[in-house]
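J.: Next up is a structure, given as structure tokens.
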Amino acid sequence: LKVGYHAYNTNKGDKLTHDYTMKKKRIDSIITLIPASNSTFPLFTVKFRNSTLELGKISLSEPALTVASSSCYLVQVETGDVGDVYKIRVGCDDVPGFKGWHLKSLHLEELHSKRELNFECNCWLTLKREDKELVKEFPVVTEDQKTLPVYKYVVSVHIGDRWGAETFANVYITLYGKRGDTGVRKLHTSLAKGRKFQRNKVDSFLVEAVSLSHLQKVVIGHDGEGYGAGMYLKMVTVKESQDSDNEWVFPLWNWLDAHLGLCATVCEIVTV
């Protein structure tokens, strides 16, 4: 399980401070498992981030934990001062034998100020259910702060009409906007029928995230798995929802290949 949060710094507007005063934070999450009464929890990673400055991450690579079907897991970590949290991101790795997690709620407490944030999640982190999501984002809900909307962005990957343009590799993308990013997302399930990322084909994927405001760029790439893993990418297009008329276009018209075109398997593309 990975937990990360994004924050504003209220003292300096949107510009984030470099004050690395260590503060203790406690994360308390209630998790229910499927469907067996016991499961192995192989790794817990806590990532503390804000929208523009990486403040570090804490990985708790403890021996595997066996937890009951309804359990509370508590971890205390120290981080730099990240300002006011406006969203939190929770994700799981798709490791062999992983059936999924049901996350009921998550509680975040700053131990010095006693400030608390509570997130009622009630979601599955699994590829075996309808949402088919391993990453979820939740906005902060407070009386003095407007709650940000959560969108299911429609990310369309346009493969070119070139010999060998298709790929069987795993493809990943990160969306960046004026209000942070989505983190790295694997493009699992296409809305289009047939095999993904084939020559002259457009595959669309739903990427759920707290509103990023105006999109600025994407970073897209693949892991190079499989023979001839390189792909010829025309462009990436993104909509805020399936019903939205507004669309961001990120053109490339080049190879994502270790030996052709950019001679790279990952690239950054800004919108036009």
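Each chain of the structure tokens is named A, B, ... in the order shown, its residues numbered from 1; ligands are numbered from 1 in display order.
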Taking 2 positions as the minimum chain separation for residues in the same chain, which residues sit within 9 Å of Asn254 of chain A when counting only C-alpha atoms? Answer as a list in words.
T.: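 Near neighbours after the sequence-gap exclusion: Gly160, Met231, Tyr232, Leu233, Lys234, Met235, Leu252, Leu256, Leu260, Gly261 and Leu262 of chain A.
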J.: Could you please write out, as a ChimeraX atom specification, every residue of segment 118-215 of chain A that DSSP assigns to strand (DSSP E)?
T.: /A:118-125,135-139,150-159,171-177,180-181,185-186,202-210,215
J.: List as CSV every residue of segment 75-152 of chain A that is in contact with segment 203-219 of chain A, defined as an atom at most 8 Å from one of its atoms (using only C-alpha atoms), together with the nearest atom pair and the distance in Å rounded to one decimal, sorted by chain and then rising number.
T.:
```
residue,atom,partner,partner_atom,distance
A:Lys87,CA,A:Val210,CA,7.2
A:Lys136,CA,A:Glu208,CA,6.8
A:Glu137,CA,A:Ala209,CA,5.4
A:Phe138,CA,A:Val210,CA,6.6
A:Pro139,CA,A:Val210,CA,6.3
A:Leu148,CA,A:Ser211,CA,6.4
A:Pro149,CA,A:Ser211,CA,5.7
A:Val150,CA,A:Val210,CA,4.2
A:Tyr151,CA,A:Ala209,CA,5.6
A:Lys152,CA,A:Glu208,CA,4.2
```
J.: Put those residues in a file: N, CA, C and O atoms, as an mmCIF file, in the first residue's frame.
T.:
```cif
data_model
loop_
_atom_site.group_PDB
_atom_site.id
_atom_site.type_symbol
_atom_site.label_atom_id
_atom_site.label_comp_id
_atom_site.auth_asym_id
_atom_site.auth_seq_id
_atom_site.Cartn_x
_atom_site.Cartn_y
_atom_site.Cartn_z
ATOM 1 N N LYS A 87 -5.044 17.006 -1.027
ATOM 2 C CA LYS A 87 -5.509 15.710 -1.514
ATOM 3 C C LYS A 87 -4.562 14.632 -1.016
ATOM 4 O O LYS A 87 -3.431 14.913 -0.600
ATOM 5 N N LYS A 136 -6.073 5.432 -6.065
ATOM 6 C CA LYS A 136 -7.224 6.302 -5.822
ATOM 7 C C LYS A 136 -6.753 7.603 -5.176
ATOM 8 O O LYS A 136 -5.806 7.613 -4.385
ATOM 9 N N GLU A 137 -7.435 8.706 -5.527
ATOM 10 C CA GLU A 137 -7.155 9.995 -4.906
ATOM 11 C C GLU A 137 -8.410 10.509 -4.219
ATOM 12 O O GLU A 137 -9.531 10.303 -4.698
ATOM 13 N N PHE A 138 -8.195 11.206 -3.081
ATOM 14 C CA PHE A 138 -9.310 11.743 -2.307
ATOM 15 C C PHE A 138 -8.995 13.186 -1.922
ATOM 16 O O PHE A 138 -7.911 13.471 -1.397
ATOM 17 N N PRO A 139 -9.922 14.123 -2.178
ATOM 18 C CA PRO A 139 -9.690 15.514 -1.779
ATOM 19 C C PRO A 139 -9.965 15.708 -0.297
ATOM 20 O O PRO A 139 -10.747 14.970 0.308
ATOM 21 N N LEU A 148 -12.309 19.936 -3.719
ATOM 22 C CA LEU A 148 -11.997 19.812 -5.138
ATOM 23 C C LEU A 148 -12.738 18.616 -5.738
ATOM 24 O O LEU A 148 -12.894 17.579 -5.083
ATOM 25 N N PRO A 149 -13.183 18.738 -7.000
ATOM 26 C CA PRO A 149 -13.862 17.609 -7.641
ATOM 27 C C PRO A 149 -12.888 16.508 -8.024
ATOM 28 O O PRO A 149 -11.694 16.752 -8.208
ATOM 29 N N VAL A 150 -13.413 15.299 -8.142
ATOM 30 C CA VAL A 150 -12.640 14.155 -8.615
ATOM 31 C C VAL A 150 -13.126 13.809 -10.014
ATOM 32 O O VAL A 150 -14.328 13.633 -10.236
ATOM 33 N N TYR A 151 -12.196 13.748 -10.979
ATOM 34 C CA TYR A 151 -12.545 13.460 -12.361
ATOM 35 C C TYR A 151 -12.015 12.098 -12.778
ATOM 36 O O TYR A 151 -10.972 11.650 -12.287
ATOM 37 N N LYS A 152 -12.733 11.491 -13.694
ATOM 38 C CA LYS A 152 -12.207 10.323 -14.397
ATOM 39 C C LYS A 152 -11.730 10.806 -15.762
ATOM 40 O O LYS A 152 -12.499 10.859 -16.728
#
```
J.: Separation of atom CA of Ala165 of chain A and atom CA of Leu191 of chain A, in Å?
T.: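 Rounded to one decimal, the two atoms are 19.9 Å apart.
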J.: Kindly indicate which residue among A:Ile159, A:Leu125, A:Ala192, A:Val154 lies nearest to Lys239 of chain A, using only C-alpha atoms for the distances.
T.: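 Nearest to Lys239 of chain A: A:Val154.
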J.: Excluding Val238 of chain A and any residue of its chain fewer than 6 positions from it, enumerate the residues within 6 Å of it, using only C-alpha atoms, and give them as JSON, numbers by chain.
T.: {"A": [154, 155, 247, 248]}
J.: For the selection just defined, write its residues with N, CA, C and O atoms to a file, as a CSV table (one decimal), in the first residue's frame.
T.:
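So out21.csv came out as:
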```
chain,number,residue,atom,x,y,z
A,154,VAL,N,-10.3,11.0,-19.3
A,154,VAL,CA,-10.2,10.0,-20.5
A,154,VAL,C,-8.9,10.3,-21.2
A,154,VAL,O,-8.7,11.3,-21.8
A,155,VAL,N,-8.0,9.4,-21.1
A,155,VAL,CA,-6.7,9.5,-21.7
A,155,VAL,C,-6.6,8.6,-22.9
A,155,VAL,O,-6.8,7.4,-22.8
A,247,GLU,N,-10.8,19.3,-24.8
A,247,GLU,CA,-9.7,18.3,-24.9
A,247,GLU,C,-8.4,18.9,-25.0
A,247,GLU,O,-8.2,19.9,-25.7
A,248,TRP,N,-7.4,18.3,-24.3
A,248,TRP,CA,-6.0,18.7,-24.4
A,248,TRP,C,-5.3,17.8,-25.3
A,248,TRP,O,-5.5,16.6,-25.3
```
J.: As an exercise, work out the distance from atom CA of Lys146 of chain A to atom CA of Val249 of chain A in Å and give it to one decimal place.
T.: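 Rounded to one decimal, the two atoms are 28.7 Å apart.
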J.: Pick out the closest residue to Glu130 of chain A from this set: A:Thr265, A:Asn118, A:Thr189, A:Thr147. Count only C-alpha atoms.
T.: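 Under the stated criterion, the closest residue is A:Thr189.
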J.: Calculate how many Å separate atom CA of Leu127 of chain A from atom CA of Ile173 of chain A, rounding to one decimal.
T.: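 Result for atom CA of Leu127 of chain A versus atom CA of Ile173 of chain A: 17.5 Å, one decimal.
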J.: Taking only C-alpha atoms into account, name the residue in A:Gln242, A:Gly164, A:Lys104, A:Val135 that is nearest to Asn122 of chain A.
T.: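 Closest candidate: A:Lys104.
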